[in-house]
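Colleague: Got a structure for you, questions after.
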Amino acid sequence: MNQQVRDDFRQAFKGRFESLLRWEQLDAFWDVMRHDAAGDWYIYALGEPPPQQPASAELVRTFLSEIERLLRKEHDEDYCGVVFADSMQAPRFVKIFDPNKLGVSCGFSDNPPLPGWILSKLPPAELDASAPLPGNRRRWWQRLLGA
């Protein structure tokens with residue numbers, strides 16, 4: 001991967017994002033994503049090596065279903081607030097925070113947590129997650145990938 005591609009990804013990562021604060025917003029957003037699952041999305045689980053190829057449309061849809069199930073189970077709040085997108089209608093970059101590793105994801109922090117997963121139309125560059133995926137997340141991820 002060349003430096004320009006890495007820079008483009010990192011610039012997009014630091015860009016402007018909108019929060020899907022309510023579960024109803026997230027439901028509508030997943031519908032948008034499912035209609036745009038056409039094999040040009042990269043799914044990056046931080047703590048794992050970035051993918052070199054976009055995921056298949058089938059894998060994107062499976063991921064969306066599984067991550068929705070995980071978020072609803074483990075983020076036991078009456079609001080969502082753990083998914084952020086660069087656009088609600090035509091997303092190209094989505095950050096999904098792990099409900100078990102939120103820290104200070106809202107507000108200001110000198111060292112905000114990294115998301116657990118990124119969906120991107122850009123090839124991902126490795127972000128310093130500083131720790132591998134915890135065992136339960138790694139097993140979830142491997143099961144999803146059929147590994």
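Here's how to read the names in the structure tokens: chain A, B, ... by the order shown, residue numbers from 1 in each chain, ligand numbers from 1 in the order shown.
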Env of A:Glu58: 10 Å cut, atoms = only C-alpha atoms, seq-sep filter 4 positions within chain, self excluded. Answer as a list in words.

Modeller: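 Returned residues: Arg34, Ala37, Ala38, Gly39, Thr62, Phe63 and Leu64 of chain A.
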
Colleague: Would you mind telling me which residue in A:Leu46, A:Ala28, A:Ile67, A:Leu20 lies nearest to A:Phe84 when using only C-alpha atoms?

Modeller: A:Leu20

Colleague: Quick one: residues within 8 Å of A:Lys95, only C-alpha atoms counted, chain neighbours fewer than 2 positions away excluded, as number ranges by chain?

Modeller: A: 83-85, 93, 97, 115-119

Colleague: Please identify the helix (DSSP H, G or I) residues within stretch 18-126 of chain A (assignment by DSSP from backbone atoms) and present them as a ChimeraX atom specification.

Modeller: /A:23-35,57-74,99-101

Colleague: Fewer than 6 positions away in the same chain doesn't count, so skip those; otherwise give me all residues within 9 Å of A:Glu68, counting only C-alpha atoms, as a ChimeraX atom specification.

Modeller: /A:26-27,30

Colleague: For the residues selected in the previous step, produce a file with N, CA and C atoms as an mmCIF file, in the first residue's frame.

Modeller:
data_model
loop_
_atom_site.group_PDB
_atom_site.id
_atom_site.type_symbol
_atom_site.label_atom_id
_atom_site.label_comp_id
_atom_site.auth_asym_id
_atom_site.auth_seq_id
_atom_site.Cartn_x
_atom_site.Cartn_y
_atom_site.Cartn_z
ATOM 1 N N LEU A 26 -30.100 4.083 13.845
ATOM 2 C CA LEU A 26 -29.202 2.997 13.466
ATOM 3 C C LEU A 26 -29.925 1.992 12.566
ATOM 4 N N ASP A 27 -31.164 1.674 12.889
ATOM 5 C CA ASP A 27 -31.935 0.746 12.050
ATOM 6 C C ASP A 27 -32.044 1.273 10.618
ATOM 7 N N TRP A 30 -28.604 1.042 8.924
ATOM 8 C CA TRP A 30 -28.272 -0.322 8.474
ATOM 9 C C TRP A 30 -28.979 -0.636 7.162
#

Colleague: Write out as a list of chain:residue names each polymer residue whose atoms come within 9 Å of stretch 9-17 of chain A, counting only C-alpha atoms; drop sequence neighbours fewer than 4 positions from it.

Modeller: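 Contacts, in chain order: A:Gln4, A:Val5, A:Phe84, A:Ala85, A:Asp86, A:Ser87, A:Phe93, A:Val94, A:Lys95, A:Ser120, A:Leu122, A:Pro123, A:Pro124, A:Ala125, A:Leu127.
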
Colleague: Which is closer to A:Trp140 than all the others in A:Arg69, A:Arg61, A:Arg92, A:Lys121, using only C-alpha atoms?

Modeller: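 Among the listed residues, the smallest separation from A:Trp140 belongs to A:Arg69.
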